[in-house]
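*Asks:* Structure incoming, see below.
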Amino acid sequence: VFEHRLTEVRFLTSDVAVAHLLTYNGAYTTPSGSKAGNDENLMTLVFVQKNGKWLLSSAQNVVVNAAAAKHNPIK
């Protein structure tokens with residue numbers, strides 16, 4: 001199961017935007033047999049507009065630490 005929701009988009013300039021995407025990855029087993037997933041992730045995406053198209057310029061993904069998330073000052 002993969003779920004996502006857009007939490008925020010900010011325009012740094014008229015042609016540069018930063019988006020935050022909260023995702024959930026269900027549990028899965030890797031090809032080597034390890035268990036993974038079943039966690040929330042926060043993706044930060046940087047888009048640049050060139051020739052009328054929005055292009056992904058950079059991305060970062062971090063696993064949300066459930067213990068730390070309860071202290072999120074935005075919530």
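Going through the structure tokens in order, the chains are called A, B, and so on, while each chain numbers its residues from 1 and the ligands are numbered from 1 in the order shown.
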Step one, run DSSP on the backbone; step two, keep only residues of chain A assigned to helix (DSSP H, G or I); then write them as a list in words.
*Replies:*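 Result set for chain A (helix (DSSP H, G or I)): Ala66, Ala67, Ala68 and Ala69 of chain A.
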*Asks:* So that I can see what lies close to Gly37 of chain A, please list as a list in words the residues with an atom at most 9 Å from it, counting only C-alpha atoms and leaving out residues fewer than 4 positions away in the same chain.
*Replies:*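 That gives Tyr24, Asn25, Gly26, Ala27, Tyr28 and Thr29 of chain A.
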*Asks:* Do you know which residues are at most 10 Å from segment 18-23 of chain A counting only C-alpha atoms, after dropping those on the same chain fewer than 2 positions away, and could you put them as an MDAnalysis selection string?
*Replies:* chainID A and resid 2:13 16 25:26 39:48 56:64
*Asks:* Taking the DSSP secondary structure from the backbone, can you list the residues of chain A that are strand (DSSP E or B), as a VMD selection string?
*Replies:* chain A and resid 2 to 13 16 to 25 28 to 29 35 to 36 39 to 50 53 to 63
*Asks:* State, in Å with one decimal place, the distance from atom CA of Lys50 of chain A to atom CA of Ala17 of chain A.
*Replies:*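 The value is 12.1 Å.
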